[in-house]
>>> print(open('my_file-v7.cif').read())   # mmCIF, C-alpha atoms and all ligand atoms
data_query
#
loop_
_atom_site.group_PDB
_atom_site.id
_atom_site.type_symbol
_atom_site.label_atom_id
_atom_site.label_comp_id
_atom_site.auth_asym_id
_atom_site.auth_seq_id
_atom_site.Cartn_x
_atom_site.Cartn_y
_atom_site.Cartn_z
ATOM 1 C CA MET W 22 -12.478 2.733 -10.796
ATOM 2 C CA ILE W 23 -9.588 4.309 -8.924
ATOM 3 C CA ILE W 24 -6.795 1.819 -9.418
ATOM 4 C CA GLY W 25 -3.017 1.981 -9.599
ATOM 5 C CA SER W 26 0.108 0.445 -8.205
ATOM 6 C CA HIS W 27 3.187 1.060 -6.243
ATOM 7 C CA VAL W 28 5.608 3.118 -8.404
ATOM 8 C CA SER W 29 9.163 4.375 -7.932
ATOM 9 C CA PHE W 30 10.262 7.852 -6.825
ATOM 10 C CA LYS W 31 13.761 8.412 -8.138
ATOM 11 C CA LYS W 32 16.349 11.115 -7.474
ATOM 12 C CA ASP W 33 16.445 12.700 -10.917
ATOM 13 C CA LYS W 34 12.748 13.111 -11.747
ATOM 14 C CA GLN W 35 11.085 12.576 -8.352
ATOM 15 C CA LEU W 36 7.272 12.808 -8.629
ATOM 16 C CA VAL W 37 7.415 13.424 -12.397
ATOM 17 C CA GLY W 38 8.901 9.949 -12.824
ATOM 18 C CA SER W 39 6.271 8.446 -10.529
ATOM 19 C CA VAL W 40 3.403 10.003 -12.503
ATOM 20 C CA GLU W 41 4.901 8.945 -15.837
ATOM 21 C CA GLU W 42 5.261 5.393 -14.558
ATOM 22 C CA ALA W 43 1.675 5.306 -13.223
ATOM 23 C CA LEU W 44 0.267 6.634 -16.507
ATOM 24 C CA SER W 45 2.257 4.009 -18.458
ATOM 25 C CA TYR W 46 0.258 1.327 -16.602
ATOM 26 C CA GLY W 47 -3.112 2.963 -17.345
ATOM 27 C CA SER W 48 -3.490 3.871 -13.666
ATOM 28 C CA THR W 49 -5.884 6.394 -12.168
ATOM 29 C CA THR W 50 -3.867 6.621 -8.951
ATOM 30 C CA PHE W 51 -0.520 5.423 -7.527
ATOM 31 C CA MET W 52 1.482 4.932 -4.346
ATOM 32 C CA PHE W 53 5.157 5.720 -3.701
ATOM 33 C CA TYR W 54 7.838 5.928 -1.023
ATOM 34 C CA THR W 55 9.601 9.314 -0.874
ATOM 35 C CA GLY W 56 12.951 7.430 -0.780
ATOM 36 C CA ALA W 57 14.166 3.870 -0.202
ATOM 37 C CA PRO W 58 11.561 2.034 1.935
ATOM 38 C CA GLN W 59 14.220 0.228 3.979
ATOM 39 C CA ASN W 60 16.178 3.314 5.036
ATOM 40 C CA THR W 61 15.585 6.889 6.129
ATOM 41 C CA ASN W 62 18.029 8.665 3.792
ATOM 42 C CA ARG W 63 15.965 11.306 2.072
ATOM 43 C CA GLN W 64 16.920 13.921 -0.500
ATOM 44 C CA PRO W 65 15.223 17.324 -0.596
ATOM 45 C CA ILE W 66 11.958 17.617 -2.523
ATOM 46 C CA ASP W 67 12.251 19.731 -5.669
ATOM 47 C CA ASN W 68 9.131 21.912 -5.817
ATOM 48 C CA ASN W 69 9.532 22.542 -9.565
ATOM 49 C CA LEU W 70 9.377 18.819 -10.246
ATOM 50 C CA THR W 71 6.312 18.513 -7.988
ATOM 51 C CA GLU W 72 4.533 21.268 -9.930
ATOM 52 C CA GLU W 73 5.435 19.620 -13.223
ATOM 53 C CA ALA W 74 4.101 16.290 -11.920
ATOM 54 C CA ILE W 75 0.824 17.841 -10.789
ATOM 55 C CA GLU W 76 0.443 19.353 -14.252
ATOM 56 C CA LEU W 77 1.009 15.885 -15.775
ATOM 57 C CA MET W 78 -1.708 14.462 -13.522
ATOM 58 C CA ARG W 79 -4.330 16.966 -14.625
ATOM 59 C CA ASP W 80 -7.625 15.319 -15.707
ATOM 60 C CA LYS W 81 -6.087 11.866 -15.244
ATOM 61 C CA ILE W 82 -5.132 11.398 -11.610
ATOM 62 C CA ASP W 83 -6.758 13.173 -8.666
ATOM 63 C CA ILE W 84 -4.015 14.045 -6.191
ATOM 64 C CA ASN W 85 -6.369 13.253 -3.295
ATOM 65 C CA ASN W 86 -6.327 9.610 -4.388
ATOM 66 C CA VAL W 87 -2.524 9.344 -4.405
ATOM 67 C CA ILE W 88 -0.951 7.520 -1.466
ATOM 68 C CA VAL W 89 2.486 7.855 0.125
ATOM 69 C CA HIS W 90 3.904 4.861 2.017
ATOM 70 C CA ALA W 91 6.119 5.505 5.048
ATOM 71 C CA PRO W 92 9.408 3.556 5.144
ATOM 72 C CA TYR W 93 8.761 0.239 6.839
ATOM 73 C CA ILE W 94 11.747 0.514 9.152
ATOM 74 C CA ILE W 95 9.907 3.118 11.246
ATOM 75 C CA ASN W 96 8.843 1.155 14.320
ATOM 76 C CA LEU W 97 6.518 3.207 16.503
ATOM 77 C CA ALA W 98 6.101 0.267 18.887
ATOM 78 C CA SER W 99 9.641 0.862 20.139
ATOM 79 C CA SER W 100 10.157 3.383 22.900
ATOM 80 C CA ASN W 101 12.955 5.493 21.391
ATOM 81 C CA ASP W 102 12.314 8.825 19.706
ATOM 82 C CA PHE W 103 13.939 8.040 16.363
ATOM 83 C CA ALA W 104 10.686 6.833 14.810
ATOM 84 C CA VAL W 105 8.796 9.880 16.090
ATOM 85 C CA ASP W 106 11.351 12.333 14.682
ATOM 86 C CA PHE W 107 11.519 10.579 11.349
ATOM 87 C CA LEU W 108 7.745 10.334 10.991
ATOM 88 C CA LYS W 109 7.433 14.079 11.722
ATOM 89 C CA GLN W 110 9.955 14.823 8.961
ATOM 90 C CA GLU W 111 8.225 12.439 6.590
ATOM 91 C CA LEU W 112 4.850 14.117 7.158
ATOM 92 C CA LYS W 113 6.465 17.448 6.224
ATOM 93 C CA ARG W 114 7.801 15.906 3.010
ATOM 94 C CA VAL W 115 4.362 14.500 2.198
ATOM 95 C CA GLU W 116 2.831 17.949 2.750
ATOM 96 C CA GLN W 117 5.496 19.567 0.581
ATOM 97 C CA LEU W 118 4.565 17.071 -2.148
ATOM 98 C CA LYS W 119 0.917 18.250 -1.791
ATOM 99 C CA MET W 120 -0.150 14.734 -0.840
ATOM 100 C CA THR W 121 -2.846 14.046 1.731
ATOM 101 C CA LYS W 122 -2.458 10.402 2.838
ATOM 102 C CA LEU W 123 0.408 8.425 4.358
ATOM 103 C CA VAL W 124 0.191 4.641 4.871
ATOM 104 C CA LEU W 125 2.057 3.437 7.941
ATOM 105 C CA HIS W 126 2.788 -0.032 9.322
ATOM 106 C CA PRO W 127 1.752 0.192 12.992
ATOM 107 C CA GLY W 128 4.970 -1.456 14.242
ATOM 108 C CA SER W 129 6.375 -4.627 15.800
ATOM 109 C CA SER W 130 6.546 -5.285 19.544
ATOM 110 C CA VAL W 131 9.867 -7.234 19.155
ATOM 111 C CA LYS W 132 10.876 -7.966 22.776
ATOM 112 C CA LEU W 133 8.085 -5.989 24.416
ATOM 113 C CA SER W 134 4.653 -7.368 25.196
ATOM 114 C CA ARG W 135 1.807 -6.747 22.786
ATOM 115 C CA GLU W 136 0.247 -4.304 25.281
ATOM 116 C CA GLU W 137 3.474 -2.317 25.725
ATOM 117 C CA GLY W 138 3.944 -2.218 21.948
ATOM 118 C CA ILE W 139 0.450 -0.867 21.361
ATOM 119 C CA LYS W 140 0.888 1.670 24.151
ATOM 120 C CA ASN W 141 4.134 2.911 22.555
ATOM 121 C CA ILE W 142 2.456 3.236 19.148
ATOM 122 C CA ILE W 143 -0.323 5.347 20.686
ATOM 123 C CA ASP W 144 2.074 7.518 22.724
ATOM 124 C CA ASN W 145 4.358 8.003 19.737
ATOM 125 C CA LEU W 146 1.515 8.946 17.383
ATOM 126 C CA ASN W 147 0.355 11.461 19.970
ATOM 127 C CA LYS W 148 3.908 12.849 20.128
ATOM 128 C CA VAL W 149 3.972 13.151 16.334
ATOM 129 C CA GLY W 150 0.703 15.075 16.518
ATOM 130 C CA GLN W 151 -1.898 15.996 13.938
ATOM 131 C CA SER W 152 -0.858 17.411 10.583
ATOM 132 C CA LYS W 153 -2.601 18.142 7.277
ATOM 133 C CA VAL W 154 -1.726 14.600 6.210
ATOM 134 C CA LEU W 155 -4.023 11.747 7.230
ATOM 135 C CA ILE W 156 -2.099 8.753 8.580
ATOM 136 C CA LEU W 157 -3.555 5.399 7.473
ATOM 137 C CA LEU W 158 -2.634 2.395 9.621
ATOM 138 C CA GLU W 159 -2.134 -0.691 7.469
ATOM 139 C CA THR W 160 -3.657 -4.029 8.480
ATOM 140 C CA MET W 161 -0.730 -6.437 8.917
ATOM 141 C CA ALA W 162 -0.224 -10.184 8.331
ATOM 142 C CA GLY W 163 1.008 -10.796 11.873
ATOM 143 C CA LYS W 164 4.456 -11.872 10.705
ATOM 144 C CA GLY W 165 6.837 -12.134 13.672
ATOM 145 C CA THR W 166 5.685 -9.669 16.316
ATOM 146 C CA GLU W 167 3.818 -7.309 13.977
ATOM 147 C CA LEU W 168 0.992 -5.350 15.572
ATOM 148 C CA GLY W 169 -2.200 -4.341 13.775
ATOM 149 C CA LYS W 170 -2.841 -7.936 12.689
ATOM 150 C CA ASN W 171 -6.557 -7.712 13.411
ATOM 151 C CA PHE W 172 -9.250 -5.041 13.453
ATOM 152 C CA LEU W 173 -9.330 -4.927 17.259
ATOM 153 C CA GLU W 174 -5.652 -3.960 17.515
ATOM 154 C CA ILE W 175 -6.110 -1.266 14.858
ATOM 155 C CA LYS W 176 -9.160 0.028 16.744
ATOM 156 C CA GLU W 177 -7.220 0.120 20.010
ATOM 157 C CA ILE W 178 -4.608 2.374 18.402
ATOM 158 C CA ILE W 179 -7.174 4.640 16.723
ATOM 159 C CA ASP W 180 -8.994 5.075 20.035
ATOM 160 C CA GLY W 181 -5.808 5.999 21.877
ATOM 161 C CA VAL W 182 -4.666 8.660 19.417
ATOM 162 C CA ASN W 183 -6.041 12.134 20.053
ATOM 163 C CA TYR W 184 -6.544 13.106 16.381
ATOM 164 C CA PRO W 185 -8.208 11.325 13.421
ATOM 165 C CA ILE W 186 -6.454 8.272 11.952
ATOM 166 C CA GLY W 187 -7.573 6.199 8.934
ATOM 167 C CA VAL W 188 -6.977 2.635 7.805
ATOM 168 C CA CYS W 189 -5.479 0.896 4.765
ATOM 169 C CA LEU W 190 -6.729 -2.667 4.251
ATOM 170 C CA ASP W 191 -4.268 -5.063 2.564
ATOM 171 C CA THR W 192 -5.915 -8.169 1.079
ATOM 172 C CA CYS W 193 -2.761 -10.344 1.266
ATOM 173 C CA HIS W 194 -2.157 -9.276 4.854
ATOM 174 C CA ILE W 195 -5.690 -9.967 6.110
ATOM 175 C CA ASN W 196 -5.720 -13.359 4.353
ATOM 176 C CA ASP W 197 -2.446 -14.251 6.048
ATOM 177 C CA ALA W 198 -3.793 -12.854 9.330
ATOM 178 C CA GLY W 199 -6.729 -15.274 9.227
ATOM 179 C CA TYR W 200 -9.639 -13.425 7.574
ATOM 180 C CA ASP W 201 -11.530 -15.538 5.033
ATOM 181 C CA LEU W 202 -11.669 -13.519 1.810
ATOM 182 C CA THR W 203 -14.144 -15.916 0.193
ATOM 183 C CA ASN W 204 -16.694 -14.058 2.361
ATOM 184 C CA PHE W 205 -15.686 -10.422 2.000
ATOM 185 C CA ASP W 206 -19.118 -9.069 3.003
ATOM 186 C CA LYS W 207 -18.637 -10.612 6.407
ATOM 187 C CA ILE W 208 -15.164 -9.016 6.714
ATOM 188 C CA LEU W 209 -16.564 -5.590 5.793
ATOM 189 C CA ASP W 210 -19.378 -5.955 8.347
ATOM 190 C CA LEU W 211 -16.819 -6.845 10.985
ATOM 191 C CA PHE W 212 -14.625 -3.893 9.947
ATOM 192 C CA ASP W 213 -17.649 -1.609 10.132
ATOM 193 C CA ASP W 214 -18.675 -2.892 13.584
ATOM 194 C CA ILE W 215 -15.191 -2.619 15.074
ATOM 195 C CA ILE W 216 -13.521 0.314 13.301
ATOM 196 C CA GLY W 217 -16.185 1.945 11.127
ATOM 197 C CA LEU W 218 -16.136 1.849 7.318
ATOM 198 C CA ASP W 219 -15.754 5.636 7.173
ATOM 199 C CA LYS W 220 -12.147 5.123 8.382
ATOM 200 C CA LEU W 221 -11.222 3.001 5.355
ATOM 201 C CA LYS W 222 -9.309 5.233 2.923
ATOM 202 C CA CYS W 223 -7.137 2.850 0.863
ATOM 203 C CA VAL W 224 -7.114 -0.834 -0.143
ATOM 204 C CA HIS W 225 -3.961 -2.719 -1.129
ATOM 205 C CA ILE W 226 -4.945 -5.345 -3.679
ATOM 206 C CA ASN W 227 -2.571 -8.316 -3.609
ATOM 207 C CA ASP W 228 -2.969 -12.047 -4.011
ATOM 208 C CA SER W 229 -1.100 -14.194 -1.451
ATOM 209 C CA LYS W 230 1.477 -16.939 -1.892
ATOM 210 C CA ASN W 231 0.291 -18.511 1.359
ATOM 211 C CA LEU W 232 -2.820 -20.018 2.863
ATOM 212 C CA ILE W 233 -5.150 -18.179 5.221
ATOM 213 C CA ASN W 234 -3.815 -17.687 8.772
ATOM 214 C CA THR W 235 -0.161 -18.469 7.921
ATOM 215 C CA HIS W 236 1.181 -15.014 8.981
ATOM 216 C CA LYS W 237 3.732 -14.908 6.147
ATOM 217 C CA ASP W 238 3.131 -11.722 4.111
ATOM 218 C CA ARG W 239 4.329 -12.779 0.672
ATOM 219 C CA HIS W 240 2.400 -11.084 -2.118
ATOM 220 C CA GLU W 241 1.447 -12.888 -5.343
ATOM 221 C CA ASN W 242 0.273 -11.656 -8.747
ATOM 222 C CA ILE W 243 -3.478 -11.105 -9.123
ATOM 223 C CA GLY W 244 -5.234 -14.436 -9.683
ATOM 224 C CA TYR W 245 -2.079 -16.505 -9.146
ATOM 225 C CA GLY W 246 -2.302 -16.964 -5.395
ATOM 226 C CA THR W 247 -4.523 -18.485 -2.744
ATOM 227 C CA ILE W 248 -7.105 -15.661 -2.724
ATOM 228 C CA GLY W 249 -7.811 -15.975 -6.434
ATOM 229 C CA PHE W 250 -9.072 -13.718 -9.202
ATOM 230 C CA ASP W 251 -12.818 -13.922 -8.551
ATOM 231 C CA ASN W 252 -12.520 -13.076 -4.862
ATOM 232 C CA LEU W 253 -10.232 -10.126 -5.625
ATOM 233 C CA ILE W 254 -12.604 -8.829 -8.330
ATOM 234 C CA LYS W 255 -15.496 -8.920 -5.848
ATOM 235 C CA ILE W 256 -13.426 -6.825 -3.443
ATOM 236 C CA ILE W 257 -12.219 -4.353 -6.083
ATOM 237 C CA TYR W 258 -15.757 -3.781 -7.406
ATOM 238 C CA HIS W 259 -17.524 -3.901 -4.035
ATOM 239 C CA ASP W 260 -20.204 -1.207 -3.756
ATOM 240 C CA LYS W 261 -19.066 -0.192 -0.292
ATOM 241 C CA LEU W 262 -15.501 0.413 -1.535
ATOM 242 C CA LYS W 263 -16.514 2.726 -4.397
ATOM 243 C CA GLY W 264 -14.293 5.788 -4.585
ATOM 244 C CA ILE W 265 -11.575 4.267 -2.395
ATOM 245 C CA PRO W 266 -8.148 4.027 -4.106
ATOM 246 C CA LYS W 267 -7.047 0.440 -4.850
ATOM 247 C CA ILE W 268 -3.280 -0.089 -5.008
ATOM 248 C CA LEU W 269 -1.447 -3.146 -6.389
ATOM 249 C CA GLU W 270 1.790 -4.225 -4.676
ATOM 250 C CA THR W 271 2.232 -7.505 -6.527
ATOM 251 C CA PRO W 272 5.682 -8.924 -7.373
ATOM 252 C CA TYR W 273 7.718 -8.027 -10.441
ATOM 253 C CA VAL W 274 8.231 -10.750 -13.035
ATOM 254 C CA SER W 275 11.584 -12.270 -14.049
ATOM 255 C CA LYS W 276 12.904 -12.087 -17.624
ATOM 256 C CA ASP W 277 12.466 -15.842 -18.103
ATOM 257 C CA ASP W 278 12.016 -18.999 -16.034
ATOM 258 C CA THR W 279 15.738 -19.389 -15.354
ATOM 259 C CA SER W 280 16.546 -15.888 -14.079
ATOM 260 C CA LYS W 281 15.866 -14.969 -10.491
ATOM 261 C CA GLU W 282 16.105 -11.231 -10.961
ATOM 262 C CA LYS W 283 12.630 -9.649 -10.959
ATOM 263 C CA LEU W 284 12.759 -6.965 -13.620
ATOM 264 C CA TYR W 285 9.348 -6.385 -15.139
ATOM 265 C CA PRO W 286 6.432 -4.607 -13.455
ATOM 266 C CA PRO W 287 3.173 -6.580 -13.801
ATOM 267 C CA TYR W 288 0.855 -3.622 -13.219
ATOM 268 C CA LYS W 289 -0.097 -2.628 -16.781
ATOM 269 C CA PHE W 290 -1.304 -6.166 -17.420
ATOM 270 C CA GLU W 291 -2.910 -6.719 -14.024
ATOM 271 C CA ILE W 292 -4.846 -3.443 -14.332
ATOM 272 C CA GLU W 293 -5.996 -4.538 -17.787
ATOM 273 C CA MET W 294 -7.281 -7.856 -16.338
ATOM 274 C CA ILE W 295 -9.074 -6.012 -13.550
ATOM 275 C CA LEU W 296 -10.720 -3.481 -15.874
ATOM 276 C CA ASN W 297 -11.817 -6.328 -18.199
ATOM 277 C CA LYS W 298 -12.892 -8.425 -15.173
ATOM 278 C CA LYS W 299 -11.341 -11.339 -17.052
ATOM 279 C CA PHE W 300 -8.486 -13.504 -15.785
ATOM 280 C CA ASN W 301 -5.453 -13.714 -18.094
ATOM 281 C CA ASP W 302 -3.926 -17.171 -17.710
ATOM 282 C CA ASN W 303 -0.988 -16.059 -19.870
ATOM 283 C CA LEU W 304 -0.159 -13.009 -17.718
ATOM 284 C CA ILE W 305 3.508 -13.783 -17.039
ATOM 285 C CA ASN W 306 4.310 -14.422 -20.706
ATOM 286 C CA ASP W 307 2.417 -11.338 -21.839
ATOM 287 C CA ILE W 308 4.485 -9.239 -19.425
ATOM 288 C CA ARG W 309 7.760 -10.834 -20.584
ATOM 289 C CA ASN W 310 6.935 -10.391 -24.262
ATOM 290 C CA TYR W 311 5.948 -6.759 -23.763
ATOM 291 C CA TYR W 312 9.073 -5.728 -21.832
ATOM 292 C CA ASN W 313 11.536 -7.971 -23.733
ATOM 293 C CA ASP W 314 10.514 -6.117 -26.884
ATOM 294 C CA PHE W 315 11.029 -2.721 -25.312
HETATM 295 FE FE FE W 401 2.662 -1.718 3.515
HETATM 296 FE FE FE W 402 0.360 -3.392 1.677
HETATM 297 ZN ZN ZN W 403 2.867 -6.999 2.559
#
>>> encode(input="my_file-v7.cif", output="structure tokens")
Amino acid sequence: MIIGSHVSFKKDKQLVGSVEEALSYGSTTFMFYTGAPQNTNRQPIDNNLTEEAIELMRDKIDINNVIVHAPYIINLASSNDFAVDFLKQELKRVEQLKMTKLVLHPGSSVKLSREEGIKNIIDNLNKVGQSKVLILLETMAGKGTELGKNFLEIKEIIDGVNYPIGVCLDTCHINDAGYDLTNFDKILDLFDDIIGLDKLKCVHINDSKNLINTHKDRHENIGYGTIGFDNLIKIIYHDKLKGIPKILETPYVSKDDTSKEKLYPPYKFEIEMILNKKFNDNLINDIRNYYNDF
């Protein structure tokens, strides 16, 4: 089972910190942003730290299963060149980090039509051009004017780009986009018919705070949302998804019921539940007890 979570990438230790965090959760992979996801300020990559991190990963985490996430403010559906330039730079950083896969939100059409938005995404990806890094388009919830909210839109983009592009399926997003996760076989068949299962290179495993087709995109802890533990387990252990990295992006947990600040990562305990295939109905308290004692 190749499973891990989103982890941080901080100034001082860079990838070393990310690997240490992933290993502390019992992960066999991880995903990170190379800087703050909401801005494009980036500090130089320290190659010594990268080498140290790769050494730390040895025999535990295969670098080919590690995922980088592009900052979500890159909007390739817009017609200006800022997103293109930044994505080019980001791909260089990903290469320098020896990583092979970058997850990207396709973009939002904002004031443009859906067709113009999709056309811009295709043109901009063609301007960015092929690199050693495989770009994975993420399936979106369809919040606001988000594009890539169904398999047909993703396919349209893939077909327009003149080099290979992969896909990252997000369980919370497709639930919110209207796909019924109680019948995942049917979703995979549809994915295979429209896009082709060979394009699927990453799965984001999240429960959802909202009902199917609500277009909200609010993640929930595993087994605590509307998708539910059993449906998520079926997805995680699905035969056709063997060997594909599964990444948790579930919300942090607050110190206690009164505090709003989300301080504690849930991943160690969620991964444990997943590996045991047994729902923990005391998850939140177990997380609080563990980190309060730290
Ligand atoms: Fe994402
Ligand atoms: Fe996601
Ligand atoms: Zn999301």
>>> atom_distance(input="my_file-v7.cif", atom1="atom CA of W:Asp219", atom2="atom CA of W:Lys109")
25.1 Å
>>> residues_near_ligand(input="my_file-v7.cif", ligand="ligand ZN 403 (chain W)", cutoff="10 Å", atoms="all atoms listed in the file", output="number ranges by chain")
W: 126, 159-162, 164, 191-195, 197, 225, 227, 229, 237-241, 270-271
>>> atom_distance(input="my_file-v7.cif", atom1="atom CA of W:Glu42", atom2="atom CA of W:Gly25")
10.2 Å
>>> resolve_selection(input="my_file-v7.cif", expression="the PyMOL selection byres (((chain W and resi 73-86) around 10) and not hetatm)", output="PyMOL selection string")
chain W and resi 23-25+34-41+43-44+47-52+68-72+87-88+118-122+222-223+264-267
>>> residues_around(input="my_file-v7.cif", residues="W:Tyr245", least_positions_apart="5", cutoff="12 Å", atoms="only C-alpha atoms", output="list in words")
Asn227, Asp228, Ser229, Lys230, Asn231, His240, Phe250, Asp251, Asn252, Leu253, Thr271, Pro272, Glu291, Phe300, Asn301, Asp302, Asn303, Leu304 and Ile305 of chain W
>>> atom_distance(input="my_file-v7.cif", atom1="atom CA of W:Leu125", atom2="atom CA of W:Ile268")
14.4 Å
>>> residues_around(input="my_file-v7.cif", residues="stretch 273-282 of chain W", least_positions_apart="4", cutoff="12 Å", atoms="all atoms listed in the file", output="PyMOL selection string")
chain W and resi 26-28+240-243+269+286-291+304-314
>>> closest_residue(input="my_file-v7.cif", among="W:Arg135, W:Lys298, W:Lys255, W:Lys32", to="W:Glu177", atoms="all atoms listed in the file")
W:Arg135
>>> closest_residue(input="my_file-v7.cif", among="W:Ser99, W:Arg114, W:Ile208, W:Leu173", to="W:Gly138", atoms="only C-alpha atoms")
W:Ser99
>>> closest_residue(input="my_file-v7.cif", among="W:Val154, W:Ala57, W:Ile215, W:Leu209", to="W:Asp180", atoms="all atoms listed in the file")
W:Ile215
>>> closest_residue(input="my_file-v7.cif", among="W:Asp201, W:Glu174, W:Glu293, W:Asp214", to="W:Gly128", atoms="only C-alpha atoms")
W:Glu174
>>> closest_residue(input="my_file-v7.cif", among="W:Asn145, W:Asn60, W:Thr247, W:Ser29", to="W:Asn101", atoms="only C-alpha atoms")
W:Asn145
>>> closest_residue(input="my_file-v7.cif", among="W:Ile295, W:Ile254, W:Leu146, W:Val115", to="W:Ile95", atoms="all atoms listed in the file")
W:Leu146
>>> resolve_selection(input="my_file-v7.cif", expression="the PyMOL selection byres (((chain W and resi 152) around 10) and not hetatm)", output="PyMOL selection string")
chain W and resi 109+112-113+116+121+149-151+153-156+184-185
>>> resolve_selection(input="my_file-v7.cif", expression="the PyMOL selection byres (((chain W and resi 111) around 10) and not hetatm)", output="list of chain:residue names")
W:Thr55, W:Thr61, W:Arg63, W:Val89, W:His90, W:Ala91, W:Pro92, W:Val105, W:Asp106, W:Phe107, W:Leu108, W:Lys109, W:Gln110, W:Leu112, W:Lys113, W:Arg114, W:Val115, W:Glu116, W:Gln117, W:Leu123
>>> residues_near_point(input="my_file-v7.cif", point="(10.4, -9.1, 22.9)", cutoff="12 Å", atoms="only C-alpha atoms", output="VMD selection string")
chain W and resid 98 to 99 129 to 138 165 to 167
>>> write_last_selection(input="my_file-v7.cif", atoms="C-alpha atoms", output="tab-separated table (two decimals), keeping the file's coordinate frame")
chain	number	residue	atom	x	y	z
W	98	ALA	CA	6.10	0.27	18.89
W	99	SER	CA	9.64	0.86	20.14
W	129	SER	CA	6.38	-4.63	15.80
W	130	SER	CA	6.55	-5.28	19.54
W	131	VAL	CA	9.87	-7.23	19.16
W	132	LYS	CA	10.88	-7.97	22.78
W	133	LEU	CA	8.09	-5.99	24.42
W	134	SER	CA	4.65	-7.37	25.20
W	135	ARG	CA	1.81	-6.75	22.79
W	136	GLU	CA	0.25	-4.30	25.28
W	137	GLU	CA	3.47	-2.32	25.72
W	138	GLY	CA	3.94	-2.22	21.95
W	165	GLY	CA	6.84	-12.13	13.67
W	166	THR	CA	5.68	-9.67	16.32
W	167	GLU	CA	3.82	-7.31	13.98
>>> build_atoms(input="my_file-v7.cif", residues="stretch 294-305 of chain W", atoms="N, CA and C atoms", output="PDB file, keeping the file's coordinate frame")
ATOM      1  N   MET W 294      -6.437  -6.721 -16.763  1.00  0.00           N
ATOM      2  CA  MET W 294      -7.281  -7.856 -16.338  1.00  0.00           C
ATOM      3  C   MET W 294      -8.416  -7.383 -15.455  1.00  0.00           C
ATOM      4  N   ILE W 295      -8.078  -6.491 -14.523  1.00  0.00           N
ATOM      5  CA  ILE W 295      -9.074  -6.012 -13.550  1.00  0.00           C
ATOM      6  C   ILE W 295     -10.155  -5.194 -14.253  1.00  0.00           C
ATOM      7  N   LEU W 296      -9.734  -4.311 -15.180  1.00  0.00           N
ATOM      8  CA  LEU W 296     -10.720  -3.481 -15.874  1.00  0.00           C
ATOM      9  C   LEU W 296     -11.601  -4.330 -16.792  1.00  0.00           C
ATOM     10  N   ASN W 297     -11.029  -5.414 -17.356  1.00  0.00           N
ATOM     11  CA  ASN W 297     -11.817  -6.328 -18.199  1.00  0.00           C
ATOM     12  C   ASN W 297     -12.602  -7.327 -17.371  1.00  0.00           C
ATOM     13  N   LYS W 298     -12.313  -7.406 -16.070  1.00  0.00           N
ATOM     14  CA  LYS W 298     -12.892  -8.425 -15.173  1.00  0.00           C
ATOM     15  C   LYS W 298     -12.697  -9.831 -15.737  1.00  0.00           C
ATOM     16  N   LYS W 299     -11.586 -10.028 -16.438  1.00  0.00           N
ATOM     17  CA  LYS W 299     -11.341 -11.339 -17.052  1.00  0.00           C
ATOM     18  C   LYS W 299      -9.916 -11.787 -16.746  1.00  0.00           C
ATOM     19  N   PHE W 300      -9.787 -12.956 -16.159  1.00  0.00           N
ATOM     20  CA  PHE W 300      -8.486 -13.504 -15.785  1.00  0.00           C
ATOM     21  C   PHE W 300      -7.651 -13.816 -17.022  1.00  0.00           C
ATOM     22  N   ASN W 301      -6.380 -13.419 -17.007  1.00  0.00           N
ATOM     23  CA  ASN W 301      -5.453 -13.714 -18.094  1.00  0.00           C
ATOM     24  C   ASN W 301      -4.526 -14.834 -17.632  1.00  0.00           C
ATOM     25  N   ASP W 302      -4.734 -16.031 -18.178  1.00  0.00           N
ATOM     26  CA  ASP W 302      -3.926 -17.171 -17.710  1.00  0.00           C
ATOM     27  C   ASP W 302      -2.548 -17.194 -18.386  1.00  0.00           C
ATOM     28  N   ASN W 303      -2.302 -16.178 -19.224  1.00  0.00           N
ATOM     29  CA  ASN W 303      -0.988 -16.059 -19.870  1.00  0.00           C
ATOM     30  C   ASN W 303      -0.274 -14.781 -19.400  1.00  0.00           C
ATOM     31  N   LEU W 304      -0.643 -14.307 -18.220  1.00  0.00           N
ATOM     32  CA  LEU W 304      -0.159 -13.009 -17.718  1.00  0.00           C
ATOM     33  C   LEU W 304       1.366 -12.881 -17.741  1.00  0.00           C
ATOM     34  N   ILE W 305       2.049 -13.872 -17.184  1.00  0.00           N
ATOM     35  CA  ILE W 305       3.508 -13.783 -17.039  1.00  0.00           C
ATOM     36  C   ILE W 305       4.180 -13.683 -18.419  1.00  0.00           C
TER      37      ILE W 305
END
